[in-house]
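K.L.:
Pasting entry_14.tsv here (TSV, C-alpha atoms and all ligand atoms):
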```
chain	number	residue	atom	x	y	z
A	8	MET	CA	0.00	0.00	0.00
A	9	SER	CA	1.39	3.40	-0.87
A	10	GLU	CA	2.03	5.95	1.82
A	11	PRO	CA	0.91	9.55	1.33
A	12	LEU	CA	3.62	11.75	-0.11
A	13	GLY	CA	3.77	15.54	0.16
A	14	GLU	CA	4.71	17.66	-2.88
A	15	LEU	CA	8.09	18.41	-1.31
A	16	ARG	CA	8.97	14.76	-0.83
A	17	SER	CA	7.83	13.80	-4.30
A	18	ALA	CA	9.99	16.65	-5.66
A	19	GLU	CA	12.98	15.18	-3.85
A	20	LEU	CA	12.20	11.67	-5.03
A	21	GLY	CA	11.51	12.85	-8.60
A	22	GLU	CA	14.85	14.63	-8.73
A	23	LEU	CA	16.69	11.55	-7.56
A	24	ALA	CA	14.81	9.31	-10.03
A	25	SER	CA	15.63	11.77	-12.85
A	26	LEU	CA	19.29	11.66	-11.92
A	27	VAL	CA	19.31	7.86	-12.10
A	28	GLY	CA	17.46	8.07	-15.44
A	29	GLN	CA	19.87	10.57	-16.96
A	30	ARG	CA	22.84	8.35	-16.18
A	31	GLN	CA	20.94	5.11	-17.07
A	32	GLU	CA	22.17	3.67	-13.78
A	33	SER	CA	23.89	4.75	-10.57
A	34	THR	CA	24.94	3.46	-7.18
A	35	ARG	CA	23.88	5.02	-3.88
A	36	ALA	CA	27.44	6.31	-3.39
A	37	GLU	CA	27.42	8.02	-6.79
A	38	LEU	CA	24.09	9.66	-6.05
A	39	ALA	CA	25.43	10.95	-2.72
A	40	ARG	CA	28.49	12.34	-4.49
A	41	MET	CA	26.44	14.03	-7.26
A	42	THR	CA	23.82	15.56	-4.99
A	43	GLY	CA	26.09	16.38	-2.04
A	44	LEU	CA	23.51	14.74	0.25
A	45	ALA	CA	24.38	12.42	3.13
A	46	ARG	CA	24.56	8.69	2.35
A	47	SER	CA	21.81	8.04	4.91
A	48	THR	CA	19.45	10.54	3.20
A	49	ILE	CA	20.14	9.00	-0.21
A	50	SER	CA	19.58	5.49	1.14
A	51	GLN	CA	16.27	6.52	2.66
A	52	ARG	CA	15.02	8.09	-0.61
A	53	VAL	CA	16.30	5.22	-2.73
A	54	ASP	CA	14.48	2.77	-0.46
A	55	GLN	CA	11.26	4.74	-0.98
A	56	LEU	CA	11.73	4.75	-4.75
A	57	LEU	CA	12.41	0.99	-4.68
A	58	ARG	CA	9.28	0.41	-2.60
A	59	LEU	CA	7.24	2.55	-5.01
A	60	GLY	CA	8.57	0.55	-7.95
A	61	VAL	CA	10.12	3.58	-9.67
A	62	LEU	CA	13.65	2.18	-9.28
A	63	ILE	CA	14.94	-1.37	-9.28
A	64	GLU	CA	18.28	-2.86	-8.30
A	65	ALA	CA	20.05	-3.94	-11.47
A	66	GLY	CA	22.93	-5.96	-10.07
A	67	ASP	CA	26.39	-5.39	-8.65
A	68	GLY	CA	28.54	-2.40	-9.55
A	69	VAL	CA	32.32	-2.22	-9.50
A	70	SER	CA	33.73	-2.76	-6.04
A	71	ALA	CA	36.29	-0.40	-4.57
A	72	GLY	CA	37.16	-3.15	-2.10
A	73	GLY	CA	34.65	-5.01	0.01
A	74	ARG	CA	31.10	-5.85	-1.02
A	75	PRO	CA	30.30	-4.44	-4.51
A	76	PRO	CA	27.69	-1.64	-4.46
A	77	MET	CA	24.25	-2.30	-5.97
A	78	ARG	CA	23.49	-0.51	-9.24
A	79	LEU	CA	20.13	1.25	-9.46
A	80	THR	CA	18.10	1.87	-12.57
A	81	LEU	CA	14.60	3.06	-13.47
A	82	ASN	CA	12.12	0.21	-13.41
A	83	PRO	CA	11.14	-0.63	-17.03
A	84	ALA	CA	7.81	-1.91	-15.70
A	85	ALA	CA	7.02	1.52	-14.23
A	86	GLY	CA	6.12	2.87	-17.64
A	87	VAL	CA	7.20	4.30	-20.97
A	88	VAL	CA	7.49	7.63	-22.77
A	89	LEU	CA	6.15	8.55	-26.21
A	90	ALA	CA	7.79	11.16	-28.44
A	91	ALA	CA	6.81	12.90	-31.68
A	92	ASP	CA	8.72	15.37	-33.80
A	93	LEU	CA	6.12	16.79	-36.17
A	94	GLY	CA	7.48	18.70	-39.16
A	95	ALA	CA	5.72	20.29	-42.11
A	96	THR	CA	5.74	17.10	-44.19
A	97	HIS	CA	7.73	14.55	-42.18
A	98	SER	CA	7.49	13.24	-38.66
A	99	ARG	CA	9.45	10.94	-36.39
A	100	LEU	CA	7.69	9.00	-33.64
A	101	ALA	CA	9.29	6.99	-30.86
A	102	LEU	CA	8.68	4.86	-27.81
A	103	ALA	CA	11.26	5.40	-25.08
A	104	SER	CA	12.07	4.27	-21.57
A	105	LEU	CA	11.42	6.50	-18.56
A	106	SER	CA	15.02	7.67	-18.85
A	107	GLY	CA	14.27	8.92	-22.38
A	108	HIS	CA	16.27	6.15	-24.09
A	109	ILE	CA	14.56	5.36	-27.42
A	110	GLU	CA	13.52	1.72	-27.86
A	111	ASP	CA	11.50	1.92	-31.08
A	112	GLU	CA	11.36	4.67	-33.66
A	113	ARG	CA	9.74	5.36	-37.02
A	114	GLY	CA	9.64	8.08	-39.66
A	115	LEU	CA	6.29	8.84	-41.30
A	116	GLU	CA	4.95	11.33	-43.83
A	117	ILE	CA	2.44	13.89	-42.60
A	118	ASP	CA	0.86	17.11	-43.81
A	119	ILE	CA	0.82	19.52	-40.86
A	120	ALA	CA	-1.33	21.90	-42.94
A	121	ALA	CA	-4.16	19.32	-42.88
A	122	GLY	CA	-5.00	20.87	-39.50
A	123	PRO	CA	-4.99	19.80	-35.84
A	124	ASP	CA	-8.07	17.51	-35.96
A	125	LEU	CA	-6.69	15.23	-38.64
A	126	VAL	CA	-3.05	15.37	-37.57
A	127	LEU	CA	-3.59	14.79	-33.83
A	128	ASP	CA	-6.13	12.03	-34.49
A	129	TRP	CA	-3.53	10.43	-36.74
A	130	LEU	CA	-0.89	10.88	-34.01
A	131	VAL	CA	-3.02	9.11	-31.38
A	132	LYS	CA	-3.53	6.16	-33.76
A	133	ARG	CA	0.20	5.91	-34.55
A	134	PHE	CA	1.06	6.11	-30.83
A	135	HIS	CA	-1.35	3.23	-30.16
A	136	GLU	CA	0.31	1.19	-32.92
A	137	LEU	CA	3.74	1.92	-31.47
A	138	LEU	CA	2.57	0.74	-28.04
A	139	GLU	CA	0.94	-2.39	-29.45
A	140	ASP	CA	4.05	-3.29	-31.47
A	141	ASN	CA	6.07	-3.08	-28.25
A	142	ARG	CA	3.54	-5.03	-26.17
A	143	ARG	CA	2.67	-1.97	-24.13
A	144	SER	CA	-0.72	-0.44	-23.35
A	145	PRO	CA	-1.85	3.22	-23.22
A	146	GLY	CA	-1.94	2.82	-19.42
A	147	ASP	CA	1.85	2.36	-19.42
A	148	VAL	CA	2.47	5.85	-20.83
A	149	ARG	CA	3.88	8.24	-18.19
A	150	GLY	CA	5.17	11.06	-20.36
A	151	ILE	CA	4.72	12.41	-23.89
A	152	GLY	CA	7.00	14.96	-25.59
A	153	VAL	CA	5.84	16.59	-28.82
A	154	GLY	CA	7.63	19.07	-31.07
A	155	VAL	CA	5.78	21.17	-33.67
A	156	PRO	CA	7.09	23.46	-36.42
A	157	GLY	CA	5.79	26.68	-34.89
A	158	PRO	CA	5.74	28.85	-31.75
A	159	VAL	CA	4.39	27.23	-28.58
A	160	GLU	CA	3.42	28.64	-25.18
A	161	PHE	CA	5.27	25.95	-23.26
A	162	ALA	CA	3.44	26.19	-19.91
A	163	THR	CA	0.13	25.17	-21.52
A	164	GLY	CA	1.30	23.47	-24.72
A	165	THR	CA	-0.65	25.98	-26.83
A	166	VAL	CA	0.35	26.60	-30.44
A	167	VAL	CA	0.56	30.38	-31.01
A	168	GLN	CA	0.16	31.98	-34.44
A	169	PRO	CA	2.25	29.45	-36.37
A	170	PRO	CA	3.11	30.69	-39.89
A	171	ILE	CA	3.15	27.26	-41.58
A	172	MET	CA	0.43	25.45	-39.55
A	173	PRO	CA	-2.95	26.71	-40.79
A	174	GLY	CA	-5.79	26.03	-38.31
A	175	TRP	CA	-3.46	25.39	-35.36
A	176	ASP	CA	-3.50	28.83	-33.73
A	177	GLY	CA	-4.70	28.50	-30.12
A	178	ILE	CA	-4.79	24.68	-30.15
A	179	VAL	CA	-3.91	23.29	-26.72
A	180	VAL	CA	-2.23	20.03	-27.76
A	181	PRO	CA	-2.25	18.38	-24.27
A	182	ASP	CA	-6.03	18.89	-24.06
A	183	VAL	CA	-6.46	16.92	-27.28
A	184	LEU	CA	-4.15	14.06	-26.23
A	185	SER	CA	-5.05	13.78	-22.53
A	186	PRO	CA	-8.33	11.81	-23.02
A	187	TYR	CA	-6.18	9.01	-24.50
A	188	PHE	CA	-3.17	9.06	-22.16
A	189	ASP	CA	-2.98	9.77	-18.42
A	190	ALA	CA	0.52	11.20	-18.76
A	191	ALA	CA	2.61	14.36	-18.53
A	192	ILE	CA	2.14	15.88	-22.00
A	193	LEU	CA	4.71	18.51	-22.95
A	194	VAL	CA	4.81	20.42	-26.22
A	195	ASP	CA	7.52	22.69	-27.57
A	196	ASN	CA	8.71	24.10	-30.87
A	197	ASP	CA	10.88	21.92	-33.08
A	198	VAL	CA	14.10	23.87	-32.54
A	199	ASN	CA	13.92	23.60	-28.75
A	200	ILE	CA	13.40	19.85	-28.81
A	201	MET	CA	16.22	19.44	-31.36
A	202	ALA	CA	18.49	21.41	-29.03
A	203	LEU	CA	17.45	19.21	-26.10
A	204	GLY	CA	18.00	16.01	-28.11
A	205	GLU	CA	21.41	17.09	-29.32
A	206	TYR	CA	22.52	18.11	-25.84
A	207	TRP	CA	21.48	14.91	-24.07
A	208	SER	CA	22.51	12.52	-26.84
A	209	ARG	CA	26.02	14.00	-26.74
A	210	GLY	CA	26.13	13.43	-22.98
A	211	LEU	CA	27.04	17.07	-22.40
A	212	GLU	CA	27.11	18.55	-18.92
A	213	ASP	CA	27.28	22.10	-17.62
A	214	GLU	CA	27.41	23.59	-21.11
A	215	GLN	CA	25.97	26.76	-22.59
A	216	MET	CA	24.83	25.63	-26.01
A	217	LEU	CA	23.07	27.23	-28.96
A	218	PHE	CA	21.40	24.95	-31.50
A	219	VAL	CA	20.77	26.78	-34.77
A	220	LYS	CA	18.40	25.22	-37.26
A	221	VAL	CA	18.91	26.39	-40.83
A	222	ALA	CA	16.16	24.96	-43.00
A	223	THR	CA	13.17	26.57	-44.70
A	224	GLY	CA	13.36	29.09	-41.83
A	225	ILE	CA	16.00	29.87	-39.20
A	226	GLY	CA	15.57	29.36	-35.45
A	227	CYS	CA	17.72	28.85	-32.38
A	228	GLY	CA	17.34	26.71	-29.25
A	229	ILE	CA	19.18	27.86	-26.14
A	230	ILE	CA	20.38	25.29	-23.60
A	231	THR	CA	21.69	26.40	-20.23
A	232	ASN	CA	23.06	23.61	-18.02
A	233	GLY	CA	20.81	21.00	-19.60
A	234	SER	CA	17.56	22.97	-19.69
A	235	VAL	CA	15.93	24.90	-22.50
A	236	HIS	CA	15.82	28.66	-21.94
A	237	ARG	CA	12.42	29.67	-23.32
A	238	GLY	CA	12.09	33.24	-22.09
A	239	ALA	CA	9.01	34.92	-20.61
A	240	ASP	CA	6.65	33.98	-23.46
A	241	GLY	CA	8.46	31.10	-25.12
A	242	ALA	CA	9.83	33.33	-27.84
A	243	ALA	CA	13.52	33.16	-26.84
A	244	GLY	CA	15.82	32.14	-29.67
A	245	ASP	CA	13.65	33.46	-32.48
A	246	ILE	CA	16.70	34.77	-34.32
A	247	GLY	CA	15.22	34.50	-37.82
A	248	HIS	CA	13.90	38.04	-37.64
A	249	LEU	CA	17.04	39.79	-36.40
A	250	ARG	CA	18.25	42.29	-38.98
A	251	VAL	CA	21.43	41.75	-40.97
A	252	SER	CA	23.33	44.00	-43.38
A	253	SER	CA	22.53	43.78	-47.07
A	254	ASP	CA	23.23	45.88	-50.17
A	255	SER	CA	19.61	45.78	-51.25
A	256	ASP	CA	16.42	45.64	-49.18
A	257	VAL	CA	14.60	42.32	-48.98
A	258	VAL	CA	11.12	42.28	-47.39
A	259	CYS	CA	10.57	39.42	-44.94
A	260	SER	CA	7.35	37.43	-44.45
A	261	CYS	CA	7.00	39.26	-41.10
A	262	GLY	CA	6.85	42.64	-42.89
A	263	ASN	CA	10.26	43.91	-41.79
A	264	ILE	CA	13.28	44.40	-44.00
A	265	ASN	CA	16.48	42.32	-44.23
A	266	CYS	CA	15.61	39.76	-41.57
A	267	LEU	CA	18.17	36.94	-41.30
A	268	GLU	CA	15.52	34.47	-42.46
A	269	ALA	CA	14.70	36.54	-45.55
A	270	LEU	CA	18.37	36.50	-46.60
A	271	ALA	CA	19.98	33.30	-45.33
A	272	SER	CA	17.36	30.55	-44.86
A	273	GLY	CA	17.04	27.59	-47.19
A	274	SER	CA	14.08	29.18	-48.94
A	275	ALA	CA	15.92	32.53	-49.24
A	276	VAL	CA	18.91	30.82	-50.87
A	277	ALA	CA	16.52	28.90	-53.14
A	278	ARG	CA	14.93	32.20	-54.18
A	279	GLN	CA	18.30	33.79	-54.93
A	280	LEU	CA	19.36	30.80	-57.05
A	281	ALA	CA	16.04	30.80	-58.91
A	282	ALA	CA	16.60	34.50	-59.68
A	283	GLU	CA	19.98	33.49	-61.16
A	284	GLY	CA	18.11	31.14	-63.48
A	285	LEU	CA	18.54	27.81	-61.69
A	286	ASP	CA	15.70	25.30	-61.34
A	287	VAL	CA	15.38	25.62	-57.57
A	288	LYS	CA	12.30	25.92	-55.39
A	289	TYR	CA	12.89	24.55	-51.89
A	290	ALA	CA	15.67	24.23	-49.32
A	291	ARG	CA	16.09	20.59	-50.35
A	292	ASP	CA	16.86	21.69	-53.94
A	293	VAL	CA	19.64	23.90	-52.57
A	294	VAL	CA	21.04	20.90	-50.66
A	295	ARG	CA	20.92	18.75	-53.80
A	296	LEU	CA	22.79	21.37	-55.86
A	297	GLY	CA	25.30	22.04	-53.09
A	298	GLN	CA	26.07	18.35	-52.73
A	299	ALA	CA	26.63	18.15	-56.48
A	300	GLY	CA	29.17	20.97	-56.13
A	301	ASP	CA	27.23	23.56	-58.17
A	302	THR	CA	29.38	26.71	-57.91
A	303	GLN	CA	26.43	29.14	-57.76
A	304	ALA	CA	24.80	27.14	-54.96
A	305	VAL	CA	28.06	26.84	-53.03
A	306	ARG	CA	28.67	30.60	-53.32
A	307	GLN	CA	25.16	31.42	-52.05
A	308	VAL	CA	25.37	28.95	-49.17
A	309	ARG	CA	28.69	30.48	-48.07
A	310	GLN	CA	27.13	33.94	-48.27
A	311	ALA	CA	24.19	32.67	-46.15
A	312	GLY	CA	26.76	31.29	-43.68
A	313	ARG	CA	28.40	34.72	-43.37
A	314	ARG	CA	25.04	36.35	-42.66
A	315	ILE	CA	24.16	33.74	-40.04
A	316	GLY	CA	27.66	34.28	-38.62
A	317	GLU	CA	26.99	38.01	-38.38
A	318	VAL	CA	24.01	37.35	-36.09
A	319	LEU	CA	25.78	34.57	-34.18
A	320	ALA	CA	28.76	36.85	-33.45
A	321	SER	CA	26.42	39.18	-31.54
A	322	LEU	CA	24.83	36.23	-29.75
A	323	VAL	CA	28.26	34.91	-28.77
A	324	SER	CA	29.17	38.25	-27.20
A	325	PHE	CA	25.82	38.40	-25.44
A	326	TYR	CA	25.42	34.80	-24.25
A	327	ASN	CA	29.00	33.44	-24.28
A	328	PRO	CA	28.11	29.85	-25.30
A	329	ASN	CA	30.87	27.25	-25.42
A	330	ARG	CA	29.16	25.28	-28.18
A	331	ILE	CA	27.13	26.21	-31.26
A	332	ILE	CA	25.56	23.33	-33.17
A	333	LEU	CA	24.08	23.71	-36.64
A	334	GLY	CA	21.17	21.53	-37.68
A	335	GLY	CA	18.42	21.57	-40.29
A	336	ALA	CA	18.57	20.76	-44.00
A	337	LEU	CA	21.31	23.27	-44.87
A	338	ALA	CA	23.62	21.85	-42.20
A	339	THR	CA	24.04	18.91	-44.59
A	340	LEU	CA	26.26	21.29	-46.59
A	341	ARG	CA	28.46	21.57	-43.52
A	342	ASP	CA	31.78	22.70	-44.98
A	343	ASP	CA	30.31	25.56	-47.00
A	344	LEU	CA	27.94	26.75	-44.30
A	345	LEU	CA	30.48	26.43	-41.46
A	346	ALA	CA	33.19	28.28	-43.42
A	347	GLY	CA	31.08	31.44	-43.62
A	348	ILE	CA	29.79	31.21	-40.07
A	349	ARG	CA	33.19	30.59	-38.46
A	350	ALA	CA	34.82	33.40	-40.44
A	351	GLU	CA	32.27	35.97	-39.22
A	352	VAL	CA	32.00	34.76	-35.62
A	353	TYR	CA	35.77	34.67	-34.97
A	354	HIS	CA	36.27	37.95	-36.80
A	355	ARG	CA	33.51	39.88	-35.00
A	356	ALA	CA	33.15	38.42	-31.50
A	357	LEU	CA	35.59	39.28	-28.72
A	358	PRO	CA	38.50	36.84	-28.13
A	359	LEU	CA	37.45	36.03	-24.57
A	360	ALA	CA	33.99	34.94	-25.78
A	361	THR	CA	35.41	32.67	-28.52
A	362	ARG	CA	38.35	31.20	-26.60
A	363	ARG	CA	36.63	27.90	-25.83
A	364	LEU	CA	33.88	28.16	-28.46
A	365	VAL	CA	33.25	25.12	-30.66
A	366	ILE	CA	31.11	25.53	-33.79
A	367	GLU	CA	30.07	22.28	-35.44
A	368	THR	CA	27.20	20.50	-37.17
A	369	THR	CA	24.64	18.19	-35.56
A	370	ALA	CA	25.69	14.67	-34.56
A	371	SER	CA	22.13	13.37	-34.33
A	372	GLY	CA	20.98	14.75	-37.71
A	373	HIS	CA	17.28	14.37	-38.48
A	374	ARG	CA	16.83	12.39	-35.22
A	375	ALA	CA	17.64	15.35	-32.94
A	376	GLY	CA	13.97	16.33	-32.59
A	377	VAL	CA	12.61	12.92	-31.64
A	378	LEU	CA	15.51	12.37	-29.22
A	379	GLY	CA	14.60	15.65	-27.57
A	380	GLY	CA	10.90	14.77	-27.51
A	381	ALA	CA	11.76	11.60	-25.57
A	382	ILE	CA	13.88	13.57	-23.08
A	383	LEU	CA	11.10	16.15	-22.67
A	384	GLY	CA	8.52	13.41	-22.03
A	385	ALA	CA	10.86	11.65	-19.59
A	386	HIS	CA	11.47	14.84	-17.62
A	387	GLY	CA	7.72	15.44	-17.50
A	388	ALA	CA	7.04	11.89	-16.32
A	389	LEU	CA	9.29	12.30	-13.28
A	390	ALA	CA	8.19	15.84	-12.40
A	391	PRO	CA	6.95	16.11	-8.78
A	392	ASP	CA	3.27	16.58	-9.66
A	393	ARG	CA	3.26	13.54	-11.93
A	394	LEU	CA	5.09	11.38	-9.42
A	395	SER	CA	2.55	12.33	-6.73
A	396	HIS	CA	-0.24	11.61	-9.23
A	397	TRP	CA	1.07	8.09	-9.95
A	398	ILE	CA	1.34	7.35	-6.29
A	399	ARG	CA	-2.09	8.79	-5.43
A	400	SER	CA	-3.81	7.01	-8.31
A	401	GLY	CA	-2.33	3.73	-7.11
A	402	THR	CA	-0.61	2.94	-10.41
A	403	LEU	CA	2.60	2.56	-8.43
A	404	ALA	CA	3.40	0.45	-5.40
B	501	ZN	ZN	11.21	38.87	-40.49
```
Please render this file's structure as structure tokens.
P.N.:
Amino acid sequence: MSEPLGELRSAELGELASLVGQRQESTRAELARMTGLARSTISQRVDQLLRLGVLIEAGDGVSAGGRPPMRLTLNPAAGVVLAADLGATHSRLALASLSGHIEDERGLEIDIAAGPDLVLDWLVKRFHELLEDNRRSPGDVRGIGVGVPGPVEFATGTVVQPPIMPGWDGIVVPDVLSPYFDAAILVDNDVNIMALGEYWSRGLEDEQMLFVKVATGIGCGIITNGSVHRGADGAAGDIGHLRVSSDSDVVCSCGNINCLEALASGSAVARQLAAEGLDVKYARDVVRLGQAGDTQAVRQVRQAGRRIGEVLASLVSFYNPNRIILGGALATLRDDLLAGIRAEVYHRALPLATRRLVIETTASGHRAGVLGGAILGAHGALAPDRLSHWIRSGTLA
């Protein structure tokens, strides 16, 4: 029988469970070292988590002399996490463990412009298939992380005035999914979940990281010590509409002039190449030409890189990140894009701000978003309110 747990105690237990999840497994001694808490306090909390069935003992660890310490891990039977990275025309869906480790994953075509009714109904069906294929039931789902290609008010999971998602403005995604899953349902924009996925899949710690997506548009996810910085309204990192220098004025979709996105995004480069007479329409056409070594495409991509670098140089001085990661379709043309970006950043930003700075392309590629969705769902699953909810509802212990 479960004992009543206050919010404070479930916060403490949730934090400890998250820590075990992040590292896949830990010993009591390691947890004491990482948290700075007394061994007796850790033992007490671990015992509670074992009793509740959140953690299990996974066998002996490496002994430092004497009896080997017991390794702890999240209990696979305690539940699973679902993740979705919804793009304009493609999506990636996954089933993950409570630590956010992906166990099954699939890429599927979608049309986000078909509207929230059709797309979310489709998503629920695909999630059910994913569960069934892995011999899991909807009742096993503890957390869901969803990324969408537009602005999101994170606290409520509401889509806010998305430019490429007709019909989605004001849709509260968790409200639509919650009748099907009694889980923590967290929704964020695609760039933030890509940033989260890249950060955690690289096993980074204590880093200040910017993840810049250069695709049809341009956006930036900001990670501070493992968490996404979203700002007061969830609009942090919207760098696509910062102004850059240009010889001629280009009007942006937002109505302003010479926005970064209007000059250096995949669709902007496609437009410039089309104006030069090439058969180019989308960002993916630019990638195709660049990969084939087309000199016009390469020149324009490098120019786009310099413009992105101009904005990033200011961000480097302002935020002092130690890592900038480039993702999105245009990052496939890494050498050409990076050349322009690095040249501008190191030329413009102050030496102290670039001393330890690494600028590189994504290591997780098109999987960054779904990896981040799984991490987001896992964090939500072990949040204090959800942990108390599990315990109260008797699904644990
Ligand atoms: Zn703009």
K.L.:
So, counting all atoms listed in the file, which residue among A:Leu389, A:Val166, A:Ala275, A:Val131 is closest to Ser185 in chain A?
P.N.:
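Smallest distance to Ser185 in chain A is found for A:Val131.
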K.L.:
With distances taken over all atoms listed in the file, which of A:Glu32, A:Asp92, A:Glu160, A:Glu112 is nearest to Leu79 in chain A?
P.N.:
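Nearest candidate to Leu79 in chain A out of A:Glu32, A:Asp92, A:Glu160, A:Glu112: A:Glu32.
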K.L.:
Can you tell me which residues sit at most 6 Å away from ligand ZN 501 (chain B), counting only C-alpha atoms and all ligand atoms, written as a ChimeraX atom specification?
P.N.:
/A:248,259-261,263,266
K.L.:
Determine the nearest neighbour of Leu344 in chain A from the options A:Leu193, A:Val27, A:Leu38, A:Val219, counting only C-alpha atoms.
P.N.:
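Ranked by minimum distance to Leu344 in chain A, first place goes to A:Val219.
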K.L.:
Can you list every residue of range 179-272 of chain A that has an atom at most 10 Å from range 286-306 of chain A, with its nearest atom pair and the distance in Å to one decimal, using all atoms listed in the file, ordered by chain then number, as a Markdown table?
P.N.:
```
| residue | atom | partner | partner_atom | distance |
| --- | --- | --- | --- | --- |
| A:Val221 | CA | A:Ala290 | CA | 9.3 |
| A:Ala222 | CA | A:Ala290 | CA | 6.4 |
| A:Thr223 | CA | A:Ala290 | CA | 5.8 |
| A:Gly224 | CA | A:Ala290 | CA | 9.2 |
| A:Ser272 | CA | A:Ala290 | CA | 7.9 |
```
K.L.:
With all atoms listed in the file as the atoms that count, which of A:Asp197, A:Asp54, A:Asp128, A:Asp147 lies nearest to Val88 in chain A?
P.N.:
A:Asp147
K.L.:
One decimal, in Å: what's the spacing between CA of Ile200 in chain A and CA of Leu378 in chain A?
P.N.:
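Result for CA of Ile200 in chain A versus CA of Leu378 in chain A: 7.8 Å, one decimal.
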